[in-house]
>>> print(open('target-v5.txt').read())   # compact mmCIF, C-alpha atoms
# COMPACT_ATOMS: atom_id res chain seq x y z
CA MET M 17 0.00 0.00 0.00
CA GLN M 18 2.83 2.36 0.92
CA ARG M 19 4.64 1.61 -2.35
CA THR M 20 1.50 2.41 -4.35
CA TYR M 21 1.08 5.68 -2.48
CA ASP M 22 4.72 6.64 -3.08
CA PHE M 23 4.39 5.80 -6.76
CA VAL M 24 1.25 7.96 -7.13
CA VAL M 25 2.90 10.88 -5.32
CA ALA M 26 6.01 10.61 -7.50
CA LEU M 27 3.86 10.41 -10.63
CA LEU M 28 1.95 13.55 -9.65
CA PHE M 29 5.22 15.45 -9.19
CA MET M 30 6.45 14.27 -12.58
CA LEU M 31 3.13 14.84 -14.36
CA PRO M 32 3.75 18.48 -15.49
CA ALA M 33 7.14 17.55 -16.98
CA LEU M 34 5.67 14.44 -18.61
CA VAL M 35 2.84 16.45 -20.19
CA ILE M 36 5.27 19.02 -21.58
CA TYR M 37 7.56 16.25 -22.88
CA LEU M 38 4.61 14.47 -24.48
CA PHE M 39 3.15 17.48 -26.30
CA TYR M 40 6.38 19.23 -27.29
CA PHE M 41 8.78 16.33 -27.91
CA LEU M 42 6.93 13.07 -28.60
CA LEU M 43 3.67 14.00 -30.36
CA PRO M 44 5.35 16.30 -32.96
CA ILE M 45 7.18 13.27 -34.39
CA PRO M 46 4.10 11.31 -35.57
CA ALA M 47 2.38 14.61 -36.44
CA SER M 48 5.25 15.56 -38.75
CA ILE M 49 5.15 12.13 -40.37
CA TYR M 50 1.43 12.58 -40.98
CA TYR M 51 1.79 16.09 -42.46
CA SER M 52 4.60 14.94 -44.75
CA PHE M 53 2.03 13.16 -46.91
CA PHE M 54 -0.08 16.29 -47.48
CA GLN M 55 0.05 19.63 -49.21
CA TRP M 56 -0.97 22.21 -46.60
CA ASN M 57 -0.14 25.82 -45.84
CA GLY M 58 -0.42 25.23 -42.10
CA ILE M 59 -3.29 27.68 -41.62
CA SER M 60 -6.40 27.22 -43.75
CA LYS M 61 -9.02 24.53 -43.37
CA ALA M 62 -11.15 23.07 -46.14
CA HIS M 63 -13.56 25.73 -47.40
CA PHE M 64 -15.37 27.17 -50.40
CA GLU M 65 -14.14 30.42 -51.92
CA PHE M 66 -14.52 32.38 -55.16
CA THR M 67 -11.00 33.55 -55.90
CA PRO M 68 -10.01 35.36 -59.14
CA ALA M 69 -8.55 32.07 -60.37
CA VAL M 70 -11.91 30.35 -59.72
CA PHE M 71 -13.75 32.99 -61.77
CA GLN M 72 -11.31 32.48 -64.64
CA GLY M 73 -11.88 28.73 -64.48
CA LEU M 74 -15.64 29.14 -64.42
CA GLN M 75 -15.50 31.38 -67.45
CA ALA M 76 -13.01 29.32 -69.47
CA GLN M 77 -13.87 25.73 -68.53
CA ALA M 78 -17.48 25.75 -67.34
CA ALA M 79 -18.60 28.49 -69.76
CA LEU M 80 -20.87 30.15 -67.21
CA PRO M 81 -22.93 33.10 -68.43
CA GLU M 82 -21.29 36.50 -67.99
CA ALA M 83 -24.30 37.81 -66.11
CA MET M 84 -24.05 34.98 -63.55
CA LEU M 85 -20.37 35.63 -63.02
CA ASN M 86 -21.06 39.31 -62.43
CA ALA M 87 -23.76 38.37 -59.95
CA LEU M 88 -21.30 36.16 -58.03
CA HIS M 89 -18.56 38.82 -57.83
CA PRO M 90 -19.76 40.20 -54.45
CA LEU M 91 -18.81 36.80 -52.98
CA GLN M 92 -15.22 37.03 -54.20
CA ASN M 93 -12.58 36.05 -51.56
CA GLU M 94 -15.27 35.35 -48.97
CA GLN M 95 -14.65 31.98 -47.32
CA PHE M 96 -17.39 29.50 -46.36
CA THR M 97 -16.49 26.53 -44.18
CA GLN M 98 -19.97 25.00 -44.49
CA LYS M 99 -21.44 23.81 -47.77
CA THR M 100 -25.01 24.81 -46.88
CA LEU M 101 -24.05 28.41 -46.09
CA PHE M 102 -22.07 28.60 -49.32
CA LEU M 103 -25.05 27.40 -51.37
CA LYS M 104 -27.41 29.83 -49.62
CA ALA M 105 -25.10 32.74 -50.42
CA ILE M 106 -24.99 31.68 -54.10
CA GLU M 107 -28.76 31.25 -54.23
CA LYS M 108 -29.18 34.76 -52.88
CA GLN M 109 -27.07 36.12 -55.75
CA ILE M 110 -28.27 34.09 -58.74
CA GLY M 111 -31.56 32.53 -57.66
CA PRO M 112 -32.59 28.89 -57.09
CA GLY M 113 -33.06 28.09 -60.78
CA GLN M 114 -29.52 28.78 -61.90
CA LEU M 115 -28.17 27.31 -58.68
CA GLY M 116 -29.84 23.98 -59.41
CA GLN M 117 -28.42 24.00 -62.94
CA TYR M 118 -24.81 24.90 -62.08
CA GLN M 119 -24.54 23.72 -58.46
CA ASN M 120 -22.08 20.84 -59.08
CA VAL M 121 -19.80 22.98 -61.22
CA LEU M 122 -19.73 25.80 -58.68
CA LEU M 123 -19.00 23.43 -55.78
CA GLN M 124 -16.24 21.67 -57.69
CA GLN M 125 -14.49 24.86 -58.83
CA ALA M 126 -14.78 26.80 -55.56
CA PHE M 127 -13.73 24.01 -53.21
CA VAL M 128 -10.35 24.68 -51.56
CA PRO M 129 -8.98 21.64 -49.70
CA GLY M 130 -7.31 22.56 -46.45
CA MET M 131 -5.02 19.57 -46.73
CA LYS M 132 -4.47 17.81 -50.03
CA PHE M 133 -3.20 14.24 -49.85
CA LEU M 134 -0.09 13.81 -51.99
CA GLY M 135 1.09 10.37 -50.93
CA PHE M 136 4.85 10.34 -51.45
CA GLY M 137 4.75 13.50 -53.57
CA ASN M 138 6.64 15.56 -50.99
CA TRP M 139 9.24 12.83 -50.66
CA ARG M 140 9.75 12.66 -54.44
CA GLU M 141 10.22 16.42 -54.52
CA LEU M 142 12.64 16.22 -51.61
CA PHE M 143 14.96 13.77 -53.35
CA HIS M 144 14.95 15.93 -56.50
CA ASP M 145 15.48 19.24 -54.68
CA PRO M 146 19.04 20.57 -55.28
CA VAL M 147 18.76 23.05 -52.40
CA PHE M 148 17.93 20.24 -50.00
CA TRP M 149 20.91 18.18 -51.16
CA ARG M 150 23.14 21.20 -50.68
CA SER M 151 21.79 21.69 -47.17
CA LEU M 152 22.38 18.00 -46.41
CA THR M 153 25.98 18.30 -47.65
CA ASN M 154 26.49 21.36 -45.43
CA ASN M 155 25.09 19.47 -42.45
CA LEU M 156 27.43 16.53 -43.02
CA THR M 157 30.34 18.97 -43.33
CA LEU M 158 29.31 20.49 -40.01
CA VAL M 159 29.19 17.00 -38.46
CA ILE M 160 32.75 16.23 -39.58
CA VAL M 161 34.11 19.61 -38.47
CA SER M 162 32.35 19.36 -35.10
CA ILE M 163 33.72 15.90 -34.35
CA LEU M 164 37.25 16.66 -35.57
CA ILE M 165 37.57 20.09 -33.94
CA GLN M 166 35.14 20.49 -31.04
CA LEU M 167 35.81 17.13 -29.38
CA PRO M 168 39.65 17.12 -29.49
CA LEU M 169 39.88 20.76 -28.36
CA GLY M 170 37.27 20.13 -25.67
CA LEU M 171 39.29 17.16 -24.43
CA LEU M 172 42.56 19.13 -24.37
CA LEU M 173 40.91 21.98 -22.45
CA ALA M 174 39.38 19.45 -20.03
CA VAL M 175 42.79 17.93 -19.35
CA PHE M 176 44.24 21.40 -18.83
CA VAL M 177 41.55 22.69 -16.43
CA SER M 178 41.61 19.36 -14.56
CA SER M 179 45.32 19.72 -13.84
CA LYS M 180 46.74 21.11 -10.61
CA LEU M 181 48.16 24.24 -12.23
CA LYS M 182 47.36 27.56 -10.59
CA GLY M 183 44.56 29.59 -12.08
CA THR M 184 42.74 26.68 -13.72
CA ARG M 185 39.54 27.46 -11.78
CA VAL M 186 39.42 30.96 -13.22
CA LEU M 187 40.25 29.66 -16.70
CA LYS M 188 37.51 27.04 -16.38
CA LEU M 189 34.98 29.85 -15.87
CA VAL M 190 36.45 31.91 -18.71
CA TYR M 191 36.37 28.97 -21.12
CA PHE M 192 32.77 28.19 -20.17
CA LEU M 193 31.48 31.73 -20.82
CA PRO M 194 30.35 31.03 -24.43
CA MET M 195 27.87 28.47 -23.12
CA LEU M 196 26.32 31.12 -20.86
CA LEU M 197 25.49 33.44 -23.76
CA SER M 198 22.43 33.12 -25.96
CA SER M 199 22.91 32.04 -29.56
CA VAL M 200 21.42 35.32 -30.78
CA ALA M 201 23.97 37.34 -28.80
CA ILE M 202 26.80 35.14 -30.07
CA GLY M 203 25.58 35.43 -33.65
CA LEU M 204 25.38 39.23 -33.51
CA THR M 205 28.82 39.40 -31.91
CA TRP M 206 30.40 37.27 -34.62
CA ASN M 207 28.60 39.30 -37.28
CA PHE M 208 30.50 42.33 -36.01
CA ILE M 209 33.74 40.31 -35.90
CA TYR M 210 33.33 39.29 -39.55
CA GLU M 211 32.18 42.75 -40.69
CA PRO M 212 34.14 43.50 -43.91
CA THR M 213 35.24 47.08 -43.22
CA PHE M 214 35.53 47.54 -39.47
CA GLY M 215 35.39 43.93 -38.25
CA LEU M 216 37.96 42.55 -35.83
CA PHE M 217 38.93 39.59 -38.01
CA ASN M 218 39.88 41.68 -41.04
CA ALA M 219 41.57 44.22 -38.77
CA VAL M 220 43.82 41.49 -37.38
CA LEU M 221 44.67 40.33 -40.92
CA ARG M 222 45.66 43.88 -41.87
CA LEU M 223 47.70 44.23 -38.69
CA LEU M 224 49.60 41.05 -39.57
CA GLY M 225 50.35 42.40 -43.04
CA VAL M 226 48.07 40.02 -44.92
CA GLY M 227 45.26 42.47 -45.57
CA GLN M 228 44.88 41.15 -49.12
CA PHE M 229 43.04 38.17 -47.60
CA ALA M 230 40.45 40.39 -45.91
CA ARG M 231 36.97 39.97 -47.35
CA GLY M 232 33.29 39.86 -46.48
CA TRP M 233 33.38 36.42 -44.91
CA LEU M 234 29.64 36.03 -44.43
CA GLY M 235 28.76 37.48 -47.82
CA GLU M 236 30.84 35.20 -50.04
CA PRO M 237 29.47 31.74 -50.88
CA HIS M 238 32.85 30.00 -50.58
CA PHE M 239 33.51 31.25 -47.04
CA ALA M 240 30.12 31.83 -45.38
CA LEU M 241 29.63 28.30 -44.06
CA TRP M 242 33.21 28.01 -42.78
CA ALA M 243 32.95 31.38 -41.05
CA VAL M 244 29.79 30.30 -39.24
CA MET M 245 31.34 26.96 -38.28
CA GLY M 246 34.16 28.86 -36.58
CA ALA M 247 31.59 30.60 -34.38
CA ILE M 248 29.77 27.30 -33.73
CA CYS M 249 32.99 25.62 -32.59
CA TRP M 250 33.76 28.58 -30.32
CA GLN M 251 30.32 28.20 -28.75
CA TYR M 252 30.29 24.43 -28.19
CA ILE M 253 33.90 23.52 -27.34
CA PRO M 254 33.24 24.55 -23.69
CA TYR M 255 30.33 22.11 -23.55
CA TYR M 256 32.57 19.17 -24.39
CA MET M 257 35.22 20.55 -22.07
CA VAL M 258 32.81 20.25 -19.14
CA LEU M 259 31.68 16.80 -20.31
CA PHE M 260 35.22 15.46 -20.48
CA ALA M 261 36.27 17.23 -17.27
CA ALA M 262 33.47 15.45 -15.40
CA ALA M 263 34.66 12.11 -16.83
CA LEU M 264 38.29 12.87 -15.94
CA ALA M 265 37.27 13.52 -12.33
CA GLY M 266 36.13 9.90 -12.10
CA ILE M 267 39.49 8.40 -13.09
CA PRO M 268 41.45 7.25 -9.99
CA GLN M 269 44.71 9.17 -9.56
CA GLU M 270 46.38 5.99 -8.32
CA LEU M 271 46.48 4.71 -11.89
CA TYR M 272 48.58 7.68 -12.98
CA GLU M 273 50.83 7.46 -9.92
CA ALA M 274 51.51 3.78 -10.59
CA ALA M 275 52.25 4.47 -14.25
CA TYR M 276 54.64 7.33 -13.42
CA MET M 277 56.44 5.13 -10.88
CA ASP M 278 56.97 2.60 -13.67
CA GLY M 279 58.63 5.29 -15.75
CA ALA M 280 55.75 6.35 -17.98
CA SER M 281 55.63 9.95 -19.18
CA LYS M 282 52.56 12.14 -18.96
CA THR M 283 51.94 11.64 -22.67
CA GLN M 284 52.12 7.87 -22.26
CA GLY M 285 49.77 8.09 -19.27
CA PHE M 286 47.31 10.09 -21.35
CA VAL M 287 47.40 7.55 -24.19
CA ALA M 288 47.43 4.41 -22.05
CA ILE M 289 45.10 5.47 -19.22
CA THR M 290 43.06 8.57 -20.03
CA LEU M 291 41.89 7.76 -23.55
CA PRO M 292 40.83 4.13 -22.87
CA LEU M 293 38.89 5.13 -19.76
CA LEU M 294 37.22 8.00 -21.65
CA LYS M 295 36.13 5.70 -24.47
CA ASN M 296 32.45 5.66 -23.52
CA THR M 297 32.39 9.40 -22.86
CA ILE M 298 34.00 10.08 -26.23
CA ARG M 299 31.42 7.87 -27.92
CA ILE M 300 28.57 9.70 -26.20
CA ALA M 301 30.13 13.03 -27.18
CA CYS M 302 30.28 11.83 -30.79
CA VAL M 303 26.58 10.97 -30.71
CA LEU M 304 25.71 14.37 -29.20
CA SER M 305 27.85 16.18 -31.76
CA LEU M 306 26.38 14.10 -34.59
CA THR M 307 22.74 14.63 -33.72
CA GLY M 308 23.27 18.25 -32.73
CA SER M 309 25.02 19.10 -36.00
CA LEU M 310 22.33 17.44 -38.11
CA ARG M 311 19.59 19.56 -36.56
CA TYR M 312 21.57 22.74 -35.97
CA PHE M 313 19.68 25.98 -36.59
CA ASP M 314 19.94 29.00 -34.33
CA LEU M 315 23.43 30.51 -34.70
CA LEU M 316 23.58 29.99 -38.45
CA PHE M 317 20.10 31.47 -38.93
CA VAL M 318 21.14 34.60 -37.03
CA MET M 319 24.41 35.04 -38.91
CA THR M 320 23.56 34.20 -42.54
CA GLY M 321 19.99 32.90 -42.69
CA GLY M 322 21.30 30.14 -44.99
CA GLY M 323 22.74 32.55 -47.56
CA PRO M 324 24.23 33.78 -49.71
CA ASP M 325 22.49 31.79 -52.44
CA HIS M 326 21.95 28.82 -50.05
CA ALA M 327 25.74 28.49 -49.60
CA SER M 328 25.38 28.03 -45.83
CA GLU M 329 21.91 26.45 -45.88
CA LEU M 330 21.29 23.67 -43.37
CA MET M 331 18.40 21.24 -43.30
CA ALA M 332 16.88 22.99 -40.26
CA THR M 333 17.02 26.46 -41.84
CA TYR M 334 15.61 25.12 -45.11
CA MET M 335 12.83 23.37 -43.21
CA PHE M 336 12.00 26.61 -41.38
CA LYS M 337 11.84 28.59 -44.63
CA GLN M 338 9.62 26.04 -46.35
CA ALA M 339 7.25 25.59 -43.40
CA PHE M 340 6.97 29.11 -41.96
CA THR M 341 8.06 31.45 -44.77
CA ALA M 342 6.75 29.71 -47.90
CA PHE M 343 3.88 28.20 -45.84
CA ARG M 344 4.56 24.71 -47.23
CA MET M 345 3.93 22.87 -43.99
CA GLY M 346 3.77 19.47 -45.66
CA TYR M 347 7.12 19.86 -47.40
CA GLY M 348 8.69 21.35 -44.28
CA SER M 349 7.43 18.37 -42.28
CA THR M 350 9.02 16.05 -44.85
CA ILE M 351 12.39 17.70 -44.28
CA ALA M 352 11.89 17.44 -40.51
CA VAL M 353 11.09 13.73 -40.74
CA PHE M 354 14.17 13.14 -42.89
CA MET M 355 16.30 14.94 -40.29
CA PHE M 356 14.83 12.80 -37.52
CA LEU M 357 15.33 9.53 -39.40
CA LEU M 358 18.89 10.37 -40.37
CA SER M 359 19.84 11.42 -36.83
CA PHE M 360 18.14 8.36 -35.34
CA LEU M 361 19.78 5.89 -37.72
CA LEU M 362 23.27 7.35 -37.31
CA ALA M 363 22.91 7.46 -33.52
CA VAL M 364 21.73 3.84 -33.46
CA LEU M 365 24.65 2.89 -35.71
CA VAL M 366 27.20 4.48 -33.38
CA LEU M 367 25.63 3.02 -30.25
CA SER M 368 25.29 -0.45 -31.81
CA ARG M 369 29.00 -0.41 -32.63
CA ARG M 370 29.62 0.34 -28.98
CA THR M 371 27.49 -2.63 -27.93
CA ARG M 372 29.34 -5.01 -30.27
CA ALA M 373 32.69 -3.70 -29.11
CA ASP M 374 31.71 -4.20 -25.45
CA MET M 375 30.58 -7.78 -26.20
CA VAL M 376 33.87 -8.57 -27.93
CA SER M 377 35.96 -7.04 -25.13
CA GLY M 378 33.84 -8.79 -22.54
>>> encode(input="target-v5.txt", output="structure tokens")
Amino acid sequence: MQRTYDFVVALLFMLPALVIYLFYFLLPIPASIYYSFFQWNGISKAHFEFTPAVFQGLQAQAALPEAMLNALHPLQNEQFTQKTLFLKAIEKQIGPGQLGQYQNVLLQQAFVPGMKFLGFGNWRELFHDPVFWRSLTNNLTLVIVSILIQLPLGLLLAVFVSSKLKGTRVLKLVYFLPMLLSSVAIGLTWNFIYEPTFGLFNAVLRLLGVGQFARGWLGEPHFALWAVMGAICWQYIPYYMVLFAAALAGIPQELYEAAYMDGASKTQGFVAITLPLLKNTIRIACVLSLTGSLRYFDLLFVMTGGGPDHASELMATYMFKQAFTAFRMGYGSTIAVFMFLLSFLLAVLVLSRRTRADMVSG
């Protein structure tokens, strides 16, 4: 009885978090899969409406009398969600006789589906979309750069701040500062750094005597993505530093002392003790970097918005533009589902390799 009571109490405390997690993290996944099979602008529901295009169709295809079309013009751009109200409004304009004669044609031409089922139409368009393939290539480039730069530098900083040197506590705070800033603030700051005329980066190049290499880094297609990736690495290296520092704190110091007594150098101790014991942490960091890079959005959107000419476009920025700028919610959902499936499959692949490696070593 006591266990049941404790379970109910614990469940009630967790209920708000569970509800938020359900509605904002779990339900959007099947909802996006559902929307990916439809053409939908994300706003309108199924309705009847006489748009200018409908009047042109009625005149050209249905050959409605000019007088009837003129009588229906007061209803132009007025939306009717119910069929009966739509027919009553038409009857008021043209009378019951002409309504009975042309009712089917009027209903067919004026019907606007809120969501039009396309089957795999969005998916076919996705795989033939050159902008999407460019965004996917940029995402994979970001994955490689993140793993090869953020993780090694994060590990080196973690080893440094975990040492017994003086001042490492202050440096640990200084190195962690980028993680305390919002992505918008970081993006605006780096926009000023890369500013072509008065930016810090070009000023340093001129100071070093290589001013001929100064350029508008965010405005040139060949450099925009790499410039943003520099800012991304600056932002997230401290995250992996903290992750590795926490793992280093769990390694017994006796292992290092025994190795040094046997004549091992600090480099040999790092290779023979630190790296093997950080294997699982490094693998987890790779998964976090992989999934995070595939769905990255905020800093790049602030700095370039995916430009110029889609040179720095990522899947997340392209999805946002299609869903909330072009109002193609179905196509945007298709991109989102592809991002989820790719991230999920790659994460499972990395974790399954870990499981097989543990079974072999065991």
>>> closest_residue(input="target-v5.txt", among="M:Met331, M:Ala263, M:Tyr118, M:Trp149", to="Ile351 in chain M", atoms="only C-alpha atoms")
M:Met331
>>> atom_distance(input="target-v5.txt", atom1="CA of Gly346 in chain M", atom2="CA of Ile45 in chain M")
13.3 Å
>>> closest_residue(input="target-v5.txt", among="M:Gln98, M:Gln55, M:Thr350, M:Ser151", to="Gly323 in chain M", atoms="all atoms listed in the file")
M:Ser151
>>> residues_around(input="target-v5.txt", residues="Thr97 in chain M", least_positions_apart="5", cutoff="7 Å", atoms="all atoms listed in the file", output="list in words")
Ala62, His63 and Phe64 of chain M
>>> atom_distance(input="target-v5.txt", atom1="CA of Leu142 in chain M", atom2="CA of Pro324 in chain M")
21.1 Å
>>> residues_around(input="target-v5.txt", residues="range 354-356 of chain M", least_positions_apart="6", cutoff="10 Å", atoms="all atoms listed in the file", output="PyMOL selection string")
chain M and resi 45+49+52+139+142+152+307+310-311+331-332+335+348
>>> closest_residue(input="target-v5.txt", among="M:Pro168, M:Gly266, M:Pro90, M:Pro112", to="Thr67 in chain M", atoms="all atoms listed in the file")
M:Pro90
>>> residues_around(input="target-v5.txt", residues="Ala363 in chain M", least_positions_apart="2", cutoff="12 Å", atoms="only C-alpha atoms", output="PyMOL selection string")
chain M and resi 299-308+310+356-361+365-370
>>> closest_residue(input="target-v5.txt", among="M:Met131, M:Ala76, M:Leu31, M:Leu122", to="Ser60 in chain M", atoms="all atoms listed in the file")
M:Met131
>>> residues_near_point(input="target-v5.txt", point="(45.6, 3.4, -13.2)", cutoff="10 Å", atoms="all atoms listed in the file", output="list of chain:residue names")
M:Ile267, M:Pro268, M:Gln269, M:Glu270, M:Leu271, M:Tyr272, M:Glu273, M:Ala274, M:Ala275, M:Tyr276, M:Gly285, M:Ala288, M:Ile289, M:Thr290, M:Leu293
>>> atom_distance(input="target-v5.txt", atom1="CA of Asn86 in chain M", atom2="CA of Lys99 in chain M")
21.3 Å
>>> residues_around(input="target-v5.txt", residues="range 215-221 of chain M", least_positions_apart="6", cutoff="8 Å", atoms="only C-alpha atoms", output="PyMOL selection string")
chain M and resi 208-209+227+229-231
>>> residues_around(input="target-v5.txt", residues="range 190-207 of chain M", least_positions_apart="4", cutoff="12 Å", atoms="only C-alpha atoms", output="PyMOL selection string")
chain M and resi 169-170+173-174+176-177+183-186+211-217+232-235+240+243-259+261+312-321
>>> write_last_selection(input="target-v5.txt", atoms="C-alpha atoms", output="PDB file, in the frame of the given file")
ATOM      1  CA  LEU M 169      39.880  20.760 -28.360  1.00  0.00           C
ATOM      2  CA  GLY M 170      37.270  20.130 -25.670  1.00  0.00           C
ATOM      3  CA  LEU M 173      40.910  21.980 -22.450  1.00  0.00           C
ATOM      4  CA  ALA M 174      39.380  19.450 -20.030  1.00  0.00           C
ATOM      5  CA  PHE M 176      44.240  21.400 -18.830  1.00  0.00           C
ATOM      6  CA  VAL M 177      41.550  22.690 -16.430  1.00  0.00           C
ATOM      7  CA  GLY M 183      44.560  29.590 -12.080  1.00  0.00           C
ATOM      8  CA  THR M 184      42.740  26.680 -13.720  1.00  0.00           C
ATOM      9  CA  ARG M 185      39.540  27.460 -11.780  1.00  0.00           C
ATOM     10  CA  VAL M 186      39.420  30.960 -13.220  1.00  0.00           C
ATOM     11  CA  GLU M 211      32.180  42.750 -40.690  1.00  0.00           C
ATOM     12  CA  PRO M 212      34.140  43.500 -43.910  1.00  0.00           C
ATOM     13  CA  THR M 213      35.240  47.080 -43.220  1.00  0.00           C
ATOM     14  CA  PHE M 214      35.530  47.540 -39.470  1.00  0.00           C
ATOM     15  CA  GLY M 215      35.390  43.930 -38.250  1.00  0.00           C
ATOM     16  CA  LEU M 216      37.960  42.550 -35.830  1.00  0.00           C
ATOM     17  CA  PHE M 217      38.930  39.590 -38.010  1.00  0.00           C
ATOM     18  CA  GLY M 232      33.290  39.860 -46.480  1.00  0.00           C
ATOM     19  CA  TRP M 233      33.380  36.420 -44.910  1.00  0.00           C
ATOM     20  CA  LEU M 234      29.640  36.030 -44.430  1.00  0.00           C
ATOM     21  CA  GLY M 235      28.760  37.480 -47.820  1.00  0.00           C
ATOM     22  CA  ALA M 240      30.120  31.830 -45.380  1.00  0.00           C
ATOM     23  CA  ALA M 243      32.950  31.380 -41.050  1.00  0.00           C
ATOM     24  CA  VAL M 244      29.790  30.300 -39.240  1.00  0.00           C
ATOM     25  CA  MET M 245      31.340  26.960 -38.280  1.00  0.00           C
ATOM     26  CA  GLY M 246      34.160  28.860 -36.580  1.00  0.00           C
ATOM     27  CA  ALA M 247      31.590  30.600 -34.380  1.00  0.00           C
ATOM     28  CA  ILE M 248      29.770  27.300 -33.730  1.00  0.00           C
ATOM     29  CA  CYS M 249      32.990  25.620 -32.590  1.00  0.00           C
ATOM     30  CA  TRP M 250      33.760  28.580 -30.320  1.00  0.00           C
ATOM     31  CA  GLN M 251      30.320  28.200 -28.750  1.00  0.00           C
ATOM     32  CA  TYR M 252      30.290  24.430 -28.190  1.00  0.00           C
ATOM     33  CA  ILE M 253      33.900  23.520 -27.340  1.00  0.00           C
ATOM     34  CA  PRO M 254      33.240  24.550 -23.690  1.00  0.00           C
ATOM     35  CA  TYR M 255      30.330  22.110 -23.550  1.00  0.00           C
ATOM     36  CA  TYR M 256      32.570  19.170 -24.390  1.00  0.00           C
ATOM     37  CA  MET M 257      35.220  20.550 -22.070  1.00  0.00           C
ATOM     38  CA  VAL M 258      32.810  20.250 -19.140  1.00  0.00           C
ATOM     39  CA  LEU M 259      31.680  16.800 -20.310  1.00  0.00           C
ATOM     40  CA  ALA M 261      36.270  17.230 -17.270  1.00  0.00           C
ATOM     41  CA  TYR M 312      21.570  22.740 -35.970  1.00  0.00           C
ATOM     42  CA  PHE M 313      19.680  25.980 -36.590  1.00  0.00           C
ATOM     43  CA  ASP M 314      19.940  29.000 -34.330  1.00  0.00           C
ATOM     44  CA  LEU M 315      23.430  30.510 -34.700  1.00  0.00           C
ATOM     45  CA  LEU M 316      23.580  29.990 -38.450  1.00  0.00           C
ATOM     46  CA  PHE M 317      20.100  31.470 -38.930  1.00  0.00           C
ATOM     47  CA  VAL M 318      21.140  34.600 -37.030  1.00  0.00           C
ATOM     48  CA  MET M 319      24.410  35.040 -38.910  1.00  0.00           C
ATOM     49  CA  THR M 320      23.560  34.200 -42.540  1.00  0.00           C
ATOM     50  CA  GLY M 321      19.990  32.900 -42.690  1.00  0.00           C
TER      51      GLY M 321
END
>>> closest_residue(input="target-v5.txt", among="M:Val70, M:Ile165, M:Leu181, M:Leu134", to="Val121 in chain M", atoms="all atoms listed in the file")
M:Val70
>>> axis_aligned_box(input="target-v5.txt", around="range 328-342 of chain M", padding_each_side="3 Å", output="JSON")
{"center_x": 16.1, "center_y": 26.3, "center_z": -44.1, "size_x": 24.6, "size_y": 16.2, "size_z": 13.6}
>>> decode(input="target-v5.txt", residues="range 355-367 of chain M", atoms="N, CA and C atoms", output="PDB file, in the first residue's frame")
ATOM      1  N   MET M 355      15.295  14.613 -41.298  1.00  0.00           N
ATOM      2  CA  MET M 355      16.304  14.942 -40.286  1.00  0.00           C
ATOM      3  C   MET M 355      16.218  13.985 -39.104  1.00  0.00           C
ATOM      4  N   PHE M 356      15.010  13.706 -38.655  1.00  0.00           N
ATOM      5  CA  PHE M 356      14.830  12.797 -37.523  1.00  0.00           C
ATOM      6  C   PHE M 356      15.320  11.391 -37.862  1.00  0.00           C
ATOM      7  N   LEU M 357      14.928  10.886 -39.025  1.00  0.00           N
ATOM      8  CA  LEU M 357      15.327   9.530 -39.397  1.00  0.00           C
ATOM      9  C   LEU M 357      16.836   9.416 -39.563  1.00  0.00           C
ATOM     10  N   LEU M 358      17.449  10.411 -40.188  1.00  0.00           N
ATOM     11  CA  LEU M 358      18.895  10.370 -40.375  1.00  0.00           C
ATOM     12  C   LEU M 358      19.622  10.425 -39.036  1.00  0.00           C
ATOM     13  N   SER M 359      19.208  11.322 -38.155  1.00  0.00           N
ATOM     14  CA  SER M 359      19.835  11.420 -36.833  1.00  0.00           C
ATOM     15  C   SER M 359      19.647  10.135 -36.039  1.00  0.00           C
ATOM     16  N   PHE M 360      18.438   9.583 -36.088  1.00  0.00           N
ATOM     17  CA  PHE M 360      18.139   8.365 -35.345  1.00  0.00           C
ATOM     18  C   PHE M 360      18.968   7.187 -35.843  1.00  0.00           C
ATOM     19  N   LEU M 361      19.045   7.030 -37.168  1.00  0.00           N
ATOM     20  CA  LEU M 361      19.781   5.893 -37.724  1.00  0.00           C
ATOM     21  C   LEU M 361      21.272   5.997 -37.441  1.00  0.00           C
ATOM     22  N   LEU M 362      21.839   7.191 -37.571  1.00  0.00           N
ATOM     23  CA  LEU M 362      23.267   7.348 -37.309  1.00  0.00           C
ATOM     24  C   LEU M 362      23.572   7.159 -35.824  1.00  0.00           C
ATOM     25  N   ALA M 363      22.700   7.654 -34.948  1.00  0.00           N
ATOM     26  CA  ALA M 363      22.908   7.459 -33.519  1.00  0.00           C
ATOM     27  C   ALA M 363      22.830   5.983 -33.147  1.00  0.00           C
ATOM     28  N   VAL M 364      21.844   5.278 -33.714  1.00  0.00           N
ATOM     29  CA  VAL M 364      21.729   3.835 -33.461  1.00  0.00           C
ATOM     30  C   VAL M 364      22.956   3.103 -33.978  1.00  0.00           C
ATOM     31  N   LEU M 365      23.466   3.532 -35.139  1.00  0.00           N
ATOM     32  CA  LEU M 365      24.652   2.888 -35.715  1.00  0.00           C
ATOM     33  C   LEU M 365      25.854   3.046 -34.790  1.00  0.00           C
ATOM     34  N   VAL M 366      26.064   4.255 -34.273  1.00  0.00           N
ATOM     35  CA  VAL M 366      27.203   4.484 -33.379  1.00  0.00           C
ATOM     36  C   VAL M 366      27.042   3.704 -32.085  1.00  0.00           C
ATOM     37  N   LEU M 367      25.853   3.721 -31.518  1.00  0.00           N
ATOM     38  CA  LEU M 367      25.629   3.017 -30.251  1.00  0.00           C
ATOM     39  C   LEU M 367      25.675   1.508 -30.431  1.00  0.00           C
TER      40      LEU M 367
END
